[in-house]
$ cat upload.txt   # compact mmCIF, C-alpha atoms
# COMPACT_ATOMS: atom_id res chain seq x y z
CA TRP A 1 1.85 11.24 -19.52
CA VAL A 2 0.34 10.19 -22.87
CA VAL A 3 0.01 6.64 -21.50
CA ARG A 4 -0.76 7.46 -17.89
CA GLN A 5 -3.85 9.52 -18.68
CA PRO A 6 -5.86 6.85 -20.57
CA VAL A 7 -4.88 4.12 -18.09
CA GLN A 8 -6.02 6.24 -15.15
CA SER A 9 -9.21 7.15 -17.01
CA GLU A 10 -9.87 3.44 -17.54
CA LEU A 11 -9.40 2.79 -13.82
CA PHE A 12 -12.09 5.36 -13.00
CA ARG A 13 -14.39 4.09 -15.76
CA LEU A 14 -14.21 0.50 -14.49
CA SER A 15 -14.78 1.48 -10.87
CA LYS A 16 -17.70 3.82 -11.71
CA PRO A 17 -16.92 6.23 -8.81
CA ASN A 18 -20.10 8.30 -9.06
CA HIS A 19 -20.15 9.22 -5.36
CA SER A 20 -19.92 12.86 -4.36
CA THR A 21 -18.97 12.14 -0.74
CA ILE A 22 -16.32 9.81 0.66
CA TYR A 23 -16.26 8.58 4.25
CA HIS A 24 -13.41 7.83 6.64
CA TYR A 25 -14.29 5.45 9.47
CA THR A 26 -12.41 5.77 12.73
CA SER A 27 -12.76 5.52 16.50
CA LEU A 28 -13.43 8.42 18.86
CA ASP A 29 -9.70 8.42 19.70
CA GLY A 30 -8.96 8.62 15.99
CA LEU A 31 -11.36 11.54 15.56
CA LYS A 32 -9.75 13.34 18.50
CA GLY A 33 -6.31 12.85 16.95
CA ILE A 34 -7.42 14.16 13.55
CA ILE A 35 -8.97 17.29 15.07
CA GLU A 36 -6.08 18.06 17.40
CA SER A 37 -3.25 17.39 14.95
CA GLN A 38 -5.06 18.55 11.78
CA ASP A 39 -3.44 15.49 10.19
CA PHE A 40 -4.50 12.39 8.34
CA TRP A 41 -2.20 9.47 9.00
CA LEU A 42 -1.49 7.07 6.18
CA THR A 43 -0.57 3.46 6.91
CA GLU A 44 2.44 1.78 5.35
CA SER A 45 1.16 -1.04 3.14
CA ASP A 46 2.99 -3.76 5.10
CA PHE A 47 0.92 -2.83 8.16
CA LEU A 48 -2.56 -2.76 6.60
CA ASN A 49 -5.19 -5.12 7.99
CA ASP A 50 -4.46 -7.38 5.04
CA ALA A 51 -0.67 -7.34 4.56
CA THR A 52 -1.02 -9.13 1.19
CA GLU A 53 -3.02 -6.36 -0.49
CA ILE A 54 -0.23 -4.91 -2.66
CA GLU A 55 0.98 -8.45 -3.40
CA HIS A 56 -2.47 -9.36 -4.72
CA GLY A 57 -2.28 -6.62 -7.36
CA ILE A 58 1.33 -7.41 -8.30
CA ASP A 59 0.69 -11.16 -8.57
CA LEU A 60 -2.24 -10.48 -10.88
CA ALA A 61 -0.10 -8.08 -12.94
CA ARG A 62 2.57 -10.77 -13.32
CA GLN A 63 0.04 -13.24 -14.68
CA VAL A 64 -1.40 -10.73 -17.15
CA PHE A 65 2.03 -9.46 -18.28
CA ARG A 66 3.30 -12.97 -18.98
CA SER A 67 0.21 -13.88 -20.97
CA PHE A 68 0.30 -10.59 -22.88
CA SER A 69 4.00 -10.89 -23.74
CA GLN A 70 3.63 -14.47 -24.95
CA GLU A 71 0.71 -13.58 -27.19
CA ASN A 72 2.00 -10.24 -28.48
CA LYS A 73 5.80 -10.47 -28.22
CA SER A 74 5.94 -7.28 -26.20
CA PRO A 75 9.12 -5.22 -26.74
CA ILE A 76 9.19 -4.46 -23.00
CA ALA A 77 8.40 -7.99 -21.81
CA ASP A 78 11.57 -8.14 -19.69
CA ILE A 79 10.87 -4.75 -18.08
CA LEU A 80 7.28 -5.74 -17.25
CA GLU A 81 8.42 -9.05 -15.79
CA GLY A 82 11.17 -7.36 -13.80
CA LEU A 83 8.74 -4.94 -12.17
CA THR A 84 6.68 -7.75 -10.69
CA ILE A 85 9.63 -9.68 -9.23
CA GLU A 86 11.40 -6.69 -7.72
CA ASP A 87 12.74 -7.29 -4.22
CA ARG A 88 10.35 -5.90 -1.58
CA ASN A 89 13.18 -3.90 0.00
CA SER A 90 13.75 -2.12 -3.33
CA ARG A 91 10.18 -0.99 -3.71
CA PRO A 92 9.04 2.56 -3.05
CA ARG A 93 7.44 3.33 0.28
CA ILE A 94 3.69 2.79 -0.19
CA ASN A 95 1.23 4.43 2.21
CA ILE A 96 -2.55 4.37 2.20
CA ALA A 97 -5.47 6.05 3.98
CA CYS A 98 -8.79 4.29 3.49
CA PHE A 99 -12.15 5.86 2.63
CA SER A 100 -15.45 4.40 1.51
CA SER A 101 -18.34 5.52 -0.64
CA ALA A 102 -20.67 3.91 1.94
CA ARG A 103 -21.92 6.29 4.64
CA ASP A 104 -23.14 3.54 7.00
CA ASN A 105 -21.36 0.21 6.51
CA LEU A 106 -21.36 -2.52 9.15
CA SER A 107 -18.03 -4.07 8.11
CA GLN A 108 -16.36 -0.65 8.31
CA TRP A 109 -17.78 0.01 11.78
CA ARG A 110 -16.45 -3.35 12.94
CA ALA A 111 -13.01 -2.78 11.43
CA TYR A 112 -12.34 0.79 12.53
CA SER A 113 -14.46 1.69 15.57
CA GLY A 114 -12.01 0.07 17.99
CA GLY A 115 -14.73 -2.09 19.52
CA ALA A 116 -16.46 0.98 20.90
CA ILE A 117 -18.24 4.04 19.48
CA GLY A 118 -17.10 4.84 15.93
CA VAL A 119 -17.29 7.84 13.65
CA SER A 120 -17.88 8.16 9.91
CA LEU A 121 -16.34 11.41 8.64
CA GLY A 122 -17.76 12.63 5.31
CA PHE A 123 -15.78 14.70 2.79
CA ALA A 124 -16.86 16.19 -0.53
CA GLN A 125 -14.68 14.28 -2.97
CA LYS A 126 -14.20 17.19 -5.38
CA ASP A 127 -12.84 19.38 -2.57
CA PHE A 128 -10.73 16.80 -0.76
CA LEU A 129 -7.39 17.02 -2.60
CA PRO A 130 -7.62 20.82 -3.10
CA GLN A 131 -8.11 21.23 0.65
CA LEU A 132 -4.97 19.15 1.20
CA GLY A 133 -3.13 21.56 -1.07
CA TYR A 134 -2.94 19.15 -4.03
CA PRO A 135 0.06 17.22 -2.64
CA SER A 136 1.86 16.03 -5.77
CA GLU A 137 2.85 12.71 -4.20
CA CYS A 138 -0.76 11.81 -3.30
CA GLN A 139 -3.62 10.54 -5.40
CA LEU A 140 -7.19 9.58 -4.60
CA VAL A 141 -7.82 6.28 -6.37
CA PRO A 142 -10.84 3.95 -6.48
CA VAL A 143 -10.48 0.25 -5.73
CA LEU A 144 -11.36 -2.52 -8.17
CA TYR A 145 -12.72 -5.86 -6.93
CA SER A 146 -13.86 -7.63 -10.11
CA GLU A 147 -11.26 -10.07 -11.47
CA ASP A 148 -12.27 -9.20 -15.04
CA HIS A 149 -11.87 -5.47 -14.38
CA LYS A 150 -8.48 -5.88 -12.73
CA ARG A 151 -7.17 -8.04 -15.55
CA ALA A 152 -8.51 -5.62 -18.16
CA LEU A 153 -6.71 -2.75 -16.44
CA TRP A 154 -3.35 -4.58 -16.32
CA ASP A 155 -3.76 -5.67 -19.93
CA MET A 156 -4.35 -2.05 -20.98
CA PHE A 157 -1.31 -0.97 -18.95
CA ALA A 158 0.93 -3.49 -20.76
CA ARG A 159 -0.60 -2.86 -24.18
CA PHE A 160 -0.37 0.95 -24.09
CA PHE A 161 3.18 1.04 -22.74
CA SER A 162 4.30 -1.59 -25.29
CA GLU A 163 2.84 0.37 -28.18
CA ALA A 164 4.34 3.64 -26.94
CA TYR A 165 7.76 1.99 -26.51
CA THR A 166 7.63 0.60 -30.05
CA LYS A 167 6.94 4.06 -31.48
CA ASP A 168 9.53 5.82 -29.30
CA SER A 169 12.23 3.29 -30.18
CA THR A 170 12.10 4.51 -33.80
CA ARG A 171 11.70 8.22 -32.99
CA LYS A 172 15.15 9.79 -32.93
CA ILE A 173 15.44 13.09 -31.05
CA SER A 174 18.22 15.61 -31.64
CA VAL A 175 19.18 18.08 -28.90
CA THR A 176 21.69 20.89 -29.26
CA GLN A 177 24.16 20.94 -26.36
CA GLN A 178 25.77 24.02 -24.78
CA ASP A 179 28.90 23.49 -26.85
CA GLN A 180 26.67 23.44 -29.97
CA SER A 181 27.23 19.74 -30.52
CA ILE A 182 24.21 17.59 -31.32
CA ARG A 183 23.16 14.73 -29.06
CA GLU A 184 20.87 12.18 -30.65
CA PHE A 185 18.87 9.62 -28.70
CA TYR A 186 15.69 7.58 -28.69
CA PRO A 187 13.24 8.52 -25.88
CA VAL A 188 12.97 5.09 -24.28
CA SER A 189 15.45 5.42 -21.41
CA GLY A 190 12.81 6.56 -18.89
CA TYR A 191 10.31 3.78 -19.48
CA GLU A 192 11.29 1.63 -16.53
CA SER A 193 10.88 4.46 -14.01
CA SER A 194 7.56 5.49 -15.60
CA LEU A 195 6.28 1.94 -15.43
CA ASN A 196 7.52 1.54 -11.88
CA GLY A 197 5.83 4.73 -10.73
CA MET A 198 2.43 3.70 -12.04
CA LEU A 199 2.63 -0.01 -11.23
CA TYR A 200 2.26 0.48 -7.49
CA GLN A 201 -0.64 2.91 -7.83
CA LEU A 202 -2.54 0.32 -9.85
CA ALA A 203 -1.49 -2.48 -7.49
CA ALA A 204 -2.98 -0.48 -4.61
CA SER A 205 -6.19 -0.18 -6.63
CA CYS A 206 -6.63 -3.96 -6.83
CA LYS A 207 -8.28 -5.76 -3.96
CA HIS A 208 -9.69 -9.25 -3.49
CA SER A 209 -13.37 -9.58 -4.37
CA ALA A 210 -14.14 -10.77 -0.82
CA PHE A 211 -13.76 -7.14 0.32
CA GLU A 212 -16.17 -5.66 -2.23
CA ASP A 213 -18.63 -4.63 0.47
CA GLU A 214 -16.12 -1.99 1.67
CA ARG A 215 -16.59 0.10 -1.52
CA GLU A 216 -13.19 1.60 -0.89
CA ILE A 217 -11.46 4.71 -2.23
CA ARG A 218 -7.82 5.22 -1.24
CA LEU A 219 -5.62 8.19 -0.59
CA PHE A 220 -2.39 6.79 -1.98
CA TYR A 221 1.13 8.12 -1.31
CA THR A 222 4.28 6.67 -2.80
CA GLU A 223 7.80 7.74 -1.88
CA HIS A 224 10.79 6.75 -4.02
CA SER A 225 13.99 6.95 -1.96
CA GLU A 226 16.16 7.84 -4.96
CA ILE A 227 13.94 10.82 -5.84
CA VAL A 228 13.91 12.02 -2.22
CA GLU A 229 17.72 11.87 -2.15
CA LYS A 230 18.13 13.46 -5.59
CA PHE A 231 16.17 16.57 -4.61
CA GLY A 232 17.57 16.79 -1.08
CA LYS A 233 14.22 16.19 0.59
CA ASN A 234 13.47 14.38 3.82
CA PRO A 235 11.38 11.22 3.75
CA ALA A 236 7.93 11.43 5.27
CA LYS A 237 8.03 11.19 9.04
CA THR A 238 7.30 7.77 10.52
CA ARG A 239 5.05 7.71 13.58
CA PHE A 240 3.59 4.88 15.61
CA ARG A 241 0.32 4.05 17.30
CA GLN A 242 -1.08 1.13 19.22
CA THR A 243 -3.01 -1.23 16.99

$ encode --input "upload.txt" --output "structure tokens"
Amino acid sequence: WVVRQPVQSELFRLSKPNHSTIYHYTSLDGLKGIIESQDFWLTESDFLNDATEIEHGIDLARQVFRSFSQENKSPIADILEGLTIEDRNSRPRINIACFSSARDNLSQWRAYSGGAIGVSLGFAQKDFLPQLGYPSECQLVPVLYSEDHKRALWDMFARFFSEAYTKDSTRKISVTQQDQSIREFYPVSGYESSLNGMLYQLAASCKHSAFEDEREIRLFYTEHSEIVEKFGKNPAKTRFRQT
């Protein structure tokens, strides 16, 4: 949490999300479905209009991590590298719903109106997640388009986690067990899962500069199969539509 908070704050600072309303573009059929079902559907990342979107962020992260590790001899260089070459089938399930800060955007009408009459649904950003019940698995994240901003964010990610790991690797913790024995450990065992959890959120926040006109904000949901199984939960339901 100590690392996550400043990295997320930097993401919002770089994107300058000063909009009070976010807009979801859809067709009349999409509007009808939202009203009747009271649902927002999120799209699995492999089926987005640009199927390389998550790959773009991860490829950029790999470049920055390698450069950072070579220059700074990062103590978690192998973990950072491993995150970016993880097999696609081993990744968490990444799902996205797209919004824009633009109320009336031609490229959005073309992409989402279904070639007919389209709708732009406006939501007060400050009320959006509370009205969804603050789903813990979901976050509303801005999208970065500038190459300099994206690289700065990944560099901060690597730098902060490396510094935290260095400190934690020398900070011995003692915990009294039920049998009154003492277990001693260094708090570095959870770093890989922490890095993994945040990596995909940031990857979903990185988009090619050619799409800057979209001014996108994303409702981002990630589902880790091992966590779902551990807590006896069911994975999110998969549904299909013609597209």

$ closest_residue --input "upload.txt" --among "A:Leu60, A:Ala158, A:Val228, A:Met198" --to "A:Ser74" --atoms "only C-alpha atoms"
A:Ala158

$ atom_distance --input "upload.txt" --atom1 "atom CA of A:Leu199" --atom2 "atom CA of A:Asp50"
19.2 Å

$ residues_around --input "upload.txt" --residues "A:Asp46" --least-positions-apart "4" --cutoff "12 Å" --atoms "only C-alpha atoms" --output "list of chain:residue names"
A:Leu42, A:Asp50, A:Ala51, A:Thr52, A:Glu53, A:Ile54, A:Glu55, A:Arg88, A:Asn89, A:Arg91, A:Pro92, A:Arg93, A:Ile94, A:Asn95, A:Ile96, A:Ala204

$ closest_residue --input "upload.txt" --among "A:Ser181, A:Gln70, A:Ser27, A:Ser225" --to "A:Ala111" --atoms "only C-alpha atoms"
A:Ser27

$ atom_distance --input "upload.txt" --atom1 "atom CA of A:Leu195" --atom2 "atom CA of A:Leu140"
18.9 Å

$ closest_residue --input "upload.txt" --among "A:Gln178, A:Arg215, A:Gln242, A:Glu223" --to "A:Leu106" --atoms "all atoms listed in the file"
A:Arg215

$ closest_residue --input "upload.txt" --among "A:Tyr145, A:Tyr165, A:Trp41, A:Tyr25" --to "A:Thr238" --atoms "all atoms listed in the file"
A:Trp41

$ residues_around --input "upload.txt" --residues "A:Gly82" --least-positions-apart "5" --cutoff "10 Å" --atoms "only C-alpha atoms" --output "VMD selection string"
chain A and resid 62 76 to 77 87 192 196

$ closest_residue --input "upload.txt" --among "A:Gln108, A:Ser100, A:Ser169, A:Ser113" --to "A:Glu216" --atoms "only C-alpha atoms"
A:Ser100

$ residues_around --input "upload.txt" --residues "A:Cys138" --least-positions-apart "5" --cutoff "8 Å" --atoms "all atoms listed in the file" --output "list of chain:residue names"
A:Leu219, A:Phe220, A:Tyr221, A:Thr222

$ atom_distance --input "upload.txt" --atom1 "atom CA of A:Ala124" --atom2 "atom CA of A:Ile217"
12.8 Å

$ residues_near_point --input "upload.txt" --point "(-5.6, -0.9, 10.6)" --cutoff "9 Å" --atoms "all atoms listed in the file" --output "ChimeraX atom specification"
/A:43,47-50,111-112,243

$ closest_residue --input "upload.txt" --among "A:Gln125, A:Thr176, A:Ser45, A:Ser120" --to "A:Val141" --atoms "only C-alpha atoms"
A:Gln125

$ build_atoms --input "upload.txt" --residues "stretch 23-38 of chain A" --atoms "N, CA and C atoms" --output "short mmCIF file (atom, residue, chain, number, x, y, z; two decimals), in the frame of the given file"
data_model
loop_
_atom_site.label_atom_id
_atom_site.label_comp_id
_atom_site.auth_asym_id
_atom_site.auth_seq_id
_atom_site.Cartn_x
_atom_site.Cartn_y
_atom_site.Cartn_z
N TYR A 23 -16.16 8.68 2.80
CA TYR A 23 -16.26 8.58 4.25
C TYR A 23 -15.03 7.87 4.83
N HIS A 24 -14.54 8.42 5.92
CA HIS A 24 -13.41 7.83 6.64
C HIS A 24 -13.91 7.35 7.99
N TYR A 25 -13.82 6.04 8.22
CA TYR A 25 -14.29 5.45 9.47
C TYR A 25 -13.14 5.40 10.47
N THR A 26 -13.43 5.79 11.70
CA THR A 26 -12.41 5.77 12.73
C THR A 26 -13.07 5.68 14.09
N SER A 27 -12.25 5.55 15.12
CA SER A 27 -12.76 5.52 16.50
C SER A 27 -12.85 6.94 17.04
N LEU A 28 -13.40 7.10 18.23
CA LEU A 28 -13.43 8.42 18.86
C LEU A 28 -12.01 8.93 19.13
N ASP A 29 -11.10 8.02 19.51
CA ASP A 29 -9.70 8.42 19.70
C ASP A 29 -9.11 8.90 18.38
N GLY A 30 -9.45 8.21 17.30
CA GLY A 30 -8.96 8.62 15.99
C GLY A 30 -9.48 9.99 15.59
N LEU A 31 -10.77 10.23 15.85
CA LEU A 31 -11.36 11.54 15.56
C LEU A 31 -10.66 12.63 16.37
N LYS A 32 -10.43 12.37 17.64
CA LYS A 32 -9.75 13.34 18.50
C LYS A 32 -8.36 13.67 17.94
N GLY A 33 -7.64 12.64 17.50
CA GLY A 33 -6.31 12.85 16.95
C GLY A 33 -6.32 13.67 15.67
N ILE A 34 -7.30 13.41 14.81
CA ILE A 34 -7.42 14.16 13.55
C ILE A 34 -7.69 15.63 13.82
N ILE A 35 -8.61 15.90 14.76
CA ILE A 35 -8.97 17.29 15.07
C ILE A 35 -7.79 18.03 15.71
N GLU A 36 -7.15 17.38 16.67
CA GLU A 36 -6.08 18.06 17.40
C GLU A 36 -4.82 18.26 16.57
N SER A 37 -4.49 17.30 15.73
CA SER A 37 -3.25 17.39 14.95
C SER A 37 -3.47 18.03 13.58
N GLN A 38 -4.74 18.08 13.13
CA GLN A 38 -5.06 18.55 11.78
C GLN A 38 -4.33 17.69 10.74
#
